[in-house]
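Reproduced below: structure17.txt, with compact mmCIF, C-alpha atoms.
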# COMPACT_ATOMS: atom_id res chain seq x y z
CA MET A 1 19.24 15.35 -5.23
CA ASN A 2 16.01 17.14 -4.35
CA PHE A 3 12.60 15.52 -4.62
CA THR A 4 9.69 17.55 -5.96
CA VAL A 5 6.24 16.46 -4.85
CA PRO A 6 4.14 16.09 -8.03
CA THR A 7 0.86 17.94 -8.48
CA LEU A 8 -2.08 15.54 -8.78
CA ASN A 9 -5.36 16.25 -10.49
CA ASP A 10 -8.70 15.47 -8.90
CA ILE A 11 -10.13 12.43 -10.71
CA ALA A 12 -13.67 12.60 -9.28
CA GLN A 13 -15.15 13.01 -12.84
CA PRO A 14 -18.89 13.14 -12.01
CA ALA A 15 -19.97 12.47 -15.61
CA LEU A 16 -17.82 9.32 -15.90
CA ALA A 17 -18.94 8.20 -12.44
CA ALA A 18 -22.58 8.54 -13.52
CA ARG A 19 -21.96 6.55 -16.72
CA LEU A 20 -20.21 3.78 -14.79
CA GLN A 21 -23.04 3.67 -12.26
CA HIS A 22 -25.59 3.49 -15.08
CA LEU A 23 -23.70 0.57 -16.63
CA LEU A 24 -23.59 -1.28 -13.31
CA ASP A 25 -27.23 -0.57 -12.51
CA ASN A 26 -28.32 -1.99 -15.87
CA LYS A 27 -26.48 -5.30 -15.62
CA THR A 28 -28.62 -8.44 -15.34
CA LYS A 29 -28.84 -8.43 -11.54
CA PRO A 30 -30.86 -6.81 -8.78
CA LEU A 31 -29.79 -3.24 -8.17
CA GLY A 32 -26.61 -3.09 -6.07
CA SER A 33 -26.55 -6.86 -5.58
CA LEU A 34 -22.81 -7.17 -6.24
CA GLY A 35 -22.20 -4.94 -3.24
CA ARG A 36 -18.70 -3.57 -2.81
CA LEU A 37 -17.55 -5.19 -6.05
CA GLU A 38 -19.58 -2.51 -7.81
CA THR A 39 -17.91 0.23 -5.76
CA LEU A 40 -14.54 -1.28 -6.62
CA ALA A 41 -15.40 -1.40 -10.33
CA GLN A 42 -16.36 2.25 -10.32
CA ARG A 43 -13.17 3.25 -8.48
CA ILE A 44 -10.97 1.43 -10.98
CA GLY A 45 -12.89 2.95 -13.88
CA LEU A 46 -12.37 6.44 -12.45
CA ILE A 47 -8.66 5.86 -11.86
CA LEU A 48 -8.13 4.61 -15.41
CA GLY A 49 -10.59 7.13 -16.88
CA THR A 50 -12.71 4.66 -18.81
CA GLU A 51 -16.08 2.87 -18.88
CA ALA A 52 -14.30 -0.36 -19.91
CA PRO A 53 -11.43 -0.75 -17.43
CA VAL A 54 -8.70 -3.29 -18.20
CA LEU A 55 -5.87 -4.03 -15.76
CA MET A 56 -2.68 -4.68 -17.69
CA ALA A 57 0.68 -6.15 -16.61
CA PRO A 58 0.22 -5.74 -12.82
CA GLN A 59 3.47 -5.14 -10.96
CA LEU A 60 4.04 -6.12 -7.34
CA VAL A 61 7.10 -4.39 -5.90
CA VAL A 62 8.66 -5.49 -2.61
CA PHE A 63 10.66 -2.61 -1.14
CA ALA A 64 13.36 -3.85 1.27
CA GLY A 65 15.49 -2.03 3.83
CA ASP A 66 17.10 -2.39 7.25
CA HIS A 67 16.45 -0.25 10.32
CA GLY A 68 18.97 0.98 12.87
CA LEU A 69 16.33 0.88 15.59
CA ALA A 70 16.11 -2.91 15.20
CA ALA A 71 19.30 -3.24 17.28
CA ARG A 72 17.25 -2.12 20.32
CA GLY A 73 15.14 -5.26 20.24
CA VAL A 74 11.93 -3.91 18.70
CA SER A 75 11.55 -7.06 16.59
CA ALA A 76 11.43 -10.77 17.41
CA TYR A 77 13.81 -11.44 14.50
CA PRO A 78 17.41 -10.30 13.84
CA SER A 79 18.17 -7.86 11.03
CA ASP A 80 19.81 -10.59 8.95
CA VAL A 81 16.33 -11.90 8.19
CA THR A 82 15.80 -8.90 5.88
CA TRP A 83 18.46 -9.95 3.37
CA GLN A 84 17.66 -13.64 3.82
CA MET A 85 14.03 -12.99 2.92
CA VAL A 86 15.09 -10.96 -0.11
CA GLU A 87 16.94 -14.06 -1.29
CA ASN A 88 13.80 -16.09 -0.60
CA PHE A 89 11.68 -13.70 -2.67
CA LEU A 90 14.09 -13.93 -5.58
CA ALA A 91 14.28 -17.72 -5.33
CA GLY A 92 10.49 -17.90 -5.56
CA GLY A 93 9.93 -19.46 -2.14
CA ALA A 94 8.19 -16.70 -0.17
CA ALA A 95 4.42 -16.37 0.21
CA VAL A 96 4.33 -13.32 -2.04
CA SER A 97 6.41 -15.16 -4.65
CA VAL A 98 3.89 -18.00 -4.70
CA LEU A 99 0.89 -15.66 -4.87
CA ALA A 100 2.38 -13.43 -7.57
CA ARG A 101 3.19 -16.50 -9.64
CA GLN A 102 -0.30 -17.93 -9.12
CA HIS A 103 -2.04 -14.74 -10.27
CA GLY A 104 0.33 -13.75 -13.08
CA ILE A 105 1.62 -10.65 -11.32
CA GLY A 106 5.09 -9.34 -12.13
CA LEU A 107 7.35 -9.37 -9.04
CA THR A 108 10.25 -6.99 -8.48
CA VAL A 109 12.35 -6.78 -5.32
CA VAL A 110 14.09 -3.47 -4.61
CA ASP A 111 17.11 -3.19 -2.33
CA CYS A 112 16.37 0.26 -0.92
CA GLY A 113 18.85 0.00 1.95
CA VAL A 114 19.55 -3.57 3.03
CA ARG A 115 22.68 -4.24 5.06
CA HIS A 116 23.89 -6.79 2.52
CA ASP A 117 25.23 -6.85 -1.03
CA PHE A 118 23.22 -8.96 -3.49
CA ALA A 119 24.47 -10.60 -6.65
CA PRO A 120 22.76 -9.13 -9.72
CA ARG A 121 19.91 -11.22 -11.12
CA PRO A 122 16.54 -10.85 -12.83
CA GLY A 123 13.81 -9.45 -10.62
CA LEU A 124 16.21 -7.47 -8.40
CA VAL A 125 16.62 -3.71 -8.57
CA VAL A 126 19.44 -2.22 -6.50
CA ALA A 127 18.48 1.28 -5.37
CA LYS A 128 20.44 1.25 -2.13
CA VAL A 129 20.63 4.62 -0.42
CA ALA A 130 22.81 3.32 2.44
CA PRO A 131 23.21 0.01 4.32
CA GLY A 132 20.28 0.55 6.68
CA THR A 133 18.97 3.62 8.45
CA ALA A 134 20.48 5.12 11.59
CA ASP A 135 19.14 4.53 15.09
CA ALA A 136 16.20 6.94 15.42
CA LEU A 137 16.78 7.13 19.18
CA GLU A 138 20.11 8.82 18.53
CA GLY A 139 19.18 11.07 15.61
CA PRO A 140 17.09 11.09 12.44
CA ALA A 141 16.82 7.69 10.81
CA MET A 142 17.67 9.38 7.50
CA THR A 143 19.33 12.60 6.49
CA THR A 144 17.18 14.82 4.30
CA ALA A 145 19.54 14.03 1.40
CA HIS A 146 19.09 10.28 1.90
CA ARG A 147 15.34 10.70 2.25
CA ASP A 148 15.11 12.63 -1.00
CA MET A 149 17.33 10.10 -2.76
CA ALA A 150 14.97 7.32 -1.70
CA LEU A 151 11.94 9.31 -2.88
CA VAL A 152 13.54 9.91 -6.29
CA ASN A 153 14.53 6.23 -6.52
CA GLY A 154 10.92 5.21 -5.95
CA ALA A 155 9.60 7.58 -8.59
CA ASP A 156 12.22 6.48 -11.12
CA LEU A 157 11.43 2.83 -10.47
CA VAL A 158 7.74 3.30 -11.33
CA LYS A 159 8.58 5.24 -14.51
CA ASN A 160 10.29 2.09 -15.81
CA LEU A 161 7.57 -0.41 -14.87
CA PRO A 162 5.05 -1.68 -17.42
CA GLY A 163 1.31 -1.93 -16.83
CA ASN A 164 -1.26 0.24 -15.11
CA ALA A 165 -1.38 -1.28 -11.60
CA LEU A 166 1.16 -1.13 -8.78
CA LEU A 167 0.85 -3.54 -5.85
CA LEU A 168 2.84 -2.50 -2.78
CA GLY A 169 4.95 -4.90 -0.69
CA GLU A 170 7.82 -4.48 1.75
CA MET A 171 10.42 -6.27 3.84
CA GLY A 172 12.46 -4.83 6.68
CA ILE A 173 13.03 -6.07 10.21
CA GLY A 174 11.95 -3.22 12.47
CA ASN A 175 9.65 -1.54 9.98
CA THR A 176 6.47 -1.96 12.05
CA SER A 177 8.17 0.38 14.52
CA ALA A 178 8.74 2.97 11.80
CA ALA A 179 5.11 2.64 10.69
CA SER A 180 3.86 3.00 14.27
CA LEU A 181 5.95 6.14 14.75
CA LEU A 182 4.68 7.69 11.52
CA LEU A 183 1.08 6.90 12.43
CA ALA A 184 1.42 8.28 15.95
CA ARG A 185 3.03 11.52 14.78
CA LEU A 186 1.07 12.23 11.60
CA ALA A 187 -2.34 11.14 12.94
CA GLY A 188 -1.82 12.57 16.44
CA LEU A 189 -2.41 9.24 18.18
CA ASP A 190 -0.89 7.71 21.30
CA VAL A 191 1.94 5.40 20.30
CA THR A 192 0.57 2.68 22.60
CA ASP A 193 -2.50 2.40 20.36
CA CYS A 194 -0.32 2.31 17.24
CA THR A 195 2.10 -0.42 18.32
CA GLY A 196 1.66 -4.18 18.04
CA ALA A 197 3.58 -7.43 18.10
CA GLY A 198 5.17 -7.02 14.68
CA THR A 199 6.97 -10.26 13.85
CA GLY A 200 5.66 -11.94 17.00
CA LEU A 201 6.77 -10.19 20.17
CA ASP A 202 5.22 -11.38 23.44
CA SER A 203 3.28 -8.94 25.64
CA ASP A 204 6.30 -7.94 27.74
CA ALA A 205 8.38 -7.29 24.64
CA VAL A 206 5.58 -5.21 23.13
CA GLN A 207 5.59 -3.02 26.24
CA ARG A 208 9.37 -2.57 25.91
CA LYS A 209 8.88 -1.69 22.24
CA ILE A 210 6.27 0.92 23.16
CA GLY A 211 8.67 2.43 25.70
CA ILE A 212 11.41 2.71 23.07
CA LEU A 213 9.08 4.26 20.51
CA ARG A 214 7.80 6.77 23.06
CA LYS A 215 11.41 7.86 23.65
CA VAL A 216 11.99 8.14 19.89
CA LEU A 217 8.97 10.43 19.52
CA ALA A 218 10.18 12.58 22.40
CA HIS A 219 13.64 12.75 20.77
CA HIS A 220 12.14 14.30 17.61
CA PRO A 221 9.54 16.82 18.84
CA ASP A 222 9.86 19.04 15.75
CA ALA A 223 9.49 16.29 13.14
CA ARG A 224 5.85 17.04 12.41
CA SER A 225 5.56 17.64 8.68
CA PRO A 226 5.18 14.51 6.50
CA LEU A 227 8.69 14.74 5.06
CA ASP A 228 10.33 15.62 8.39
CA ALA A 229 8.57 12.70 10.08
CA LEU A 230 9.62 10.40 7.24
CA ALA A 231 13.27 11.38 7.70
CA ALA A 232 13.11 11.07 11.48
CA PHE A 233 11.34 7.71 11.71
CA GLY A 234 10.99 6.01 8.36
CA GLY A 235 12.99 3.33 6.68
CA PHE A 236 14.57 3.57 3.27
CA GLU A 237 12.00 1.08 2.00
CA ILE A 238 9.13 3.25 3.26
CA ALA A 239 10.61 6.42 1.75
CA THR A 240 11.23 4.68 -1.59
CA MET A 241 7.64 3.42 -1.47
CA VAL A 242 6.37 6.97 -0.87
CA GLY A 243 8.16 8.12 -4.02
CA ALA A 244 6.73 5.17 -5.94
CA VAL A 245 3.19 5.87 -4.71
CA LEU A 246 3.37 9.54 -5.73
CA GLN A 247 4.67 8.64 -9.20
CA ALA A 248 2.08 5.89 -9.66
CA ALA A 249 -0.63 8.33 -8.64
CA LEU A 250 0.68 10.88 -11.14
CA GLU A 251 0.53 8.23 -13.89
CA ARG A 252 -2.98 7.19 -12.76
CA ARG A 253 -2.02 3.64 -12.06
CA VAL A 254 -4.25 1.63 -9.73
CA ILE A 255 -2.34 1.44 -6.43
CA VAL A 256 -3.10 -1.70 -4.43
CA VAL A 257 -2.08 -1.10 -0.81
CA ASP A 258 -1.04 -4.09 1.30
CA GLY A 259 -0.87 -3.90 5.10
CA PHE A 260 0.42 -1.70 7.91
CA ILE A 261 3.79 -0.65 6.49
CA ALA A 262 2.51 -0.07 2.96
CA SER A 263 -0.34 1.97 4.45
CA ALA A 264 2.23 4.05 6.35
CA ALA A 265 3.84 4.97 3.03
CA VAL A 266 0.42 5.95 1.68
CA LEU A 267 -0.19 7.94 4.88
CA VAL A 268 2.90 10.04 4.14
CA ALA A 269 2.18 10.31 0.40
CA SER A 270 -1.44 11.36 0.97
CA ALA A 271 -0.40 13.91 3.59
CA LEU A 272 1.71 15.47 0.81
CA GLN A 273 -0.96 15.05 -1.89
CA PRO A 274 -4.45 14.06 -0.67
CA ALA A 275 -5.53 13.04 -4.20
CA VAL A 276 -3.26 10.00 -3.82
CA LEU A 277 -6.12 8.30 -1.98
CA GLN A 278 -8.36 8.51 -5.06
CA ARG A 279 -5.94 6.16 -6.81
CA CYS A 280 -5.70 3.59 -3.99
CA VAL A 281 -7.43 0.29 -3.35
CA PHE A 282 -6.76 -1.01 0.16
CA ALA A 283 -6.33 -4.77 -0.02
CA HIS A 284 -6.95 -5.86 3.57
CA ARG A 285 -7.12 -4.99 7.23
CA SER A 286 -3.95 -6.31 8.88
CA GLY A 287 -3.89 -8.17 12.16
CA GLU A 288 -1.17 -5.74 13.25
CA ARG A 289 -2.40 -3.40 15.94
CA GLY A 290 -2.56 0.11 14.59
CA HIS A 291 -3.62 -0.79 11.07
CA ALA A 292 -7.33 -0.34 11.82
CA LEU A 293 -6.51 3.13 13.18
CA MET A 294 -4.42 3.85 10.07
CA LEU A 295 -7.28 2.84 7.78
CA ALA A 296 -9.76 4.91 9.78
CA HIS A 297 -7.49 7.94 9.55
CA LEU A 298 -7.28 7.48 5.77
CA HIS A 299 -11.05 6.85 5.50
CA ALA A 300 -10.20 3.60 3.75
CA GLU A 301 -12.35 0.47 3.60
CA PRO A 302 -10.24 -2.63 2.87
CA LEU A 303 -11.42 -5.45 0.65
CA LEU A 304 -10.38 -8.33 2.93
CA ASP A 305 -10.11 -8.99 6.65
CA LEU A 306 -8.28 -12.30 7.08
CA GLY A 307 -6.08 -11.53 10.09
CA LEU A 308 -3.00 -11.30 7.85
CA ARG A 309 0.14 -9.71 9.25
CA LEU A 310 2.86 -11.12 7.02
CA GLY A 311 3.54 -8.10 4.85
CA GLU A 312 5.58 -8.67 1.67
CA GLY A 313 2.57 -7.61 -0.43
CA SER A 314 0.85 -10.92 0.30
CA GLY A 315 -2.50 -9.29 1.08
CA ALA A 316 -2.32 -7.18 -2.10
CA ALA A 317 -1.72 -10.31 -4.17
CA LEU A 318 -4.61 -12.13 -2.48
CA ALA A 319 -6.98 -9.23 -3.19
CA TRP A 320 -5.87 -8.86 -6.82
CA PRO A 321 -8.44 -11.29 -8.34
CA LEU A 322 -11.24 -9.12 -6.93
CA LEU A 323 -9.98 -6.17 -8.97
CA VAL A 324 -9.81 -8.31 -12.09
CA SER A 325 -13.35 -9.56 -11.47
CA ALA A 326 -14.68 -6.04 -10.89
CA CYS A 327 -13.33 -4.91 -14.26
CA ALA A 328 -14.70 -7.99 -16.02
CA ILE A 329 -18.18 -7.32 -14.61
CA VAL A 330 -18.22 -3.82 -16.10
CA ARG A 331 -16.90 -4.92 -19.49
CA GLU A 332 -18.54 -8.32 -20.02
CA MET A 333 -21.73 -8.70 -17.98
CA ALA A 334 -24.82 -8.29 -20.14
CA SER A 335 -27.37 -5.54 -19.72
CA PHE A 336 -31.08 -6.33 -19.36
CA GLU A 337 -31.67 -5.08 -22.90
CA ALA A 338 -28.83 -7.08 -24.49
CA ALA A 339 -29.79 -10.29 -22.70
CA GLY A 340 -33.53 -9.92 -23.22
CA VAL A 341 -34.15 -10.22 -19.48
CA SER A 342 -37.12 -8.44 -17.92
CA ARG A 343 -36.33 -5.83 -15.31
CA GLN A 344 -37.51 -6.05 -11.75
CA GLU A 345 -40.83 -4.28 -11.29
CA PRO A 346 -40.81 -1.29 -8.88
CA ALA A 347 -41.71 -2.39 -5.34
CA ASP A 348 -44.74 -0.07 -5.14
CA GLN A 349 -46.44 -1.49 -8.22
CA PRO A 350 -48.30 -4.84 -8.42
CA LEU A 351 -46.84 -7.42 -10.76
CA ALA A 352 -48.86 -8.03 -13.94
CA LEU A 353 -50.69 -11.38 -13.92
What does this structure look like when you write it as structure tokens?
Amino acid sequence: MNFTVPTLNDIAQPALAARLQHLLDNKTKPLGSLGRLETLAQRIGLILGTEAPVLMAPQLVVFAGDHGLAARGVSAYPSDVTWQMVENFLAGGAAVSVLARQHGIGLTVVDCGVRHDFAPRPGLVVAKVAPGTADALEGPAMTTAHRDMALVNGADLVKNLPGNALLLGEMGIGNTSAASLLLARLAGLDVTDCTGAGTGLDSDAVQRKIGILRKVLAHHPDARSPLDALAAFGGFEIATMVGAVLQAALERRVIVVDGFIASAAVLVASALQPAVLQRCVFAHRSGERGHALMLAHLHAEPLLDLGLRLGEGSGAALAWPLLVSACAIVREMASFEAAGVSRQEPADQPLAL
């Protein structure tokens, strides 16, 4: 099963951008007074290709997988927490479950490679490549065949989802290590700067984690292309997410990016197809060390900065109402002419008495 990277069109559309800006500038408000909400509205309009953007049937997908490297103590939690949290998502008790329910967002959990067999039920998609990745300190985390299978699984998943917005979430003990490795290799950064506490490691444990990740990088000196790095370091959930991001970008869905791990998937996807970034809205800046560097590398400005580092897609769900509001402003806010409101006089002219 070979994965073909789709070709993405540039969606800059200067004429549409100008029309959207004209609409925003002529709303009953001082020029630019809604700040970044106006920038967000224009981005969504460009992604969807319309002056009246409507977000329909938003889908939050939590991609779950286990990591062989977790056995080396790179996380404060055991690997069993991955499958236990999947059960929690499906039972409706996790933070992302609560937030998705609150905001009317569809929630799907995907078993991309969890070391556990789940009973079939609504809201669960089984796309298991294998029961967890291999130990990246001994060899590639994934074979190229497994990597491509995960990429295809992600693309196929999106093809079957309704709506025009994809919110990214993930679960996998050890996946901050995979994200740190991908960032270090693909952005050319020192792994020390890319590595944080993850699920709550203390300072000594973080130093041990950095030492392990440095050895992993040294073990894979030739894994420098996006797909080679993904196979060497990534998890099945990250690879499946990359496939989903590329397919969502092809379909011109609005892609709402959560935190550090979701951004790592976008890092890989955008290295393959830079136009992916035109379709992305970055929900928040994570408290996880390395995420600020990831966002800077992607030239991304997140909507929120709340010190979140939970993952799951929780930050994407929290940011979602801002996207809905941005669209509503474009569609429903009155113009000066329609409302019969006088415009602001130019600053260099005296007001009429």
What's around range 304-310 of chain A at 9 Å? Count all atoms listed in the file, leave out sequence neighbours fewer than 2 positions away in its own chain, and write the answer as an MDAnalysis selection string.
chainID A and resid 95 198:199 259:260 282:288 302 312:315 318:319
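CA of Val152 in chain A is positioned 9.9 Å from CA of Val5 in chain A.
The residue set within 9 Å of range 33-38 of chain A, counting only C-alpha atoms and dropping same-chain residues fewer than 6 places from it, reads Gln21, Leu24, Leu303, Leu322, Leu323, Ser325, Ala326, Ile329 and Val330 of chain A.
The nearest approach to Ala244 in chain A among the residues A:Leu157, A:Ala179, A:Ala328, A:Leu277, with all atoms listed in the file taken into account, belongs to A:Leu157.
For the pair CA of Ser225 in chain A and CA of Leu137 in chain A, the separation is 18.6 Å.
For the residues A:Gln59, A:Val266, A:Trp83, A:Ala70, ranking by smallest atom-to-atom distance to Leu213 in chain A using all atoms listed in the file places A:Ala70 first.
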Residues near Leu298 in chain A, anyone? I mean within 9 Å using only C-alpha atoms, not counting same-chain ones fewer than 2 positions away, as a ChimeraX atom specification.
/A:263,266-267,270,277,293-296,300-301
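Among the candidates A:Ile47, A:Val276, A:Ala64, A:Ile210, the one nearest to Pro131 in chain A when counting only C-alpha atoms is A:Ala64.
Here CA of Ala17 in chain A and CA of Ala316 in chain A stand 24.9 Å from one another.
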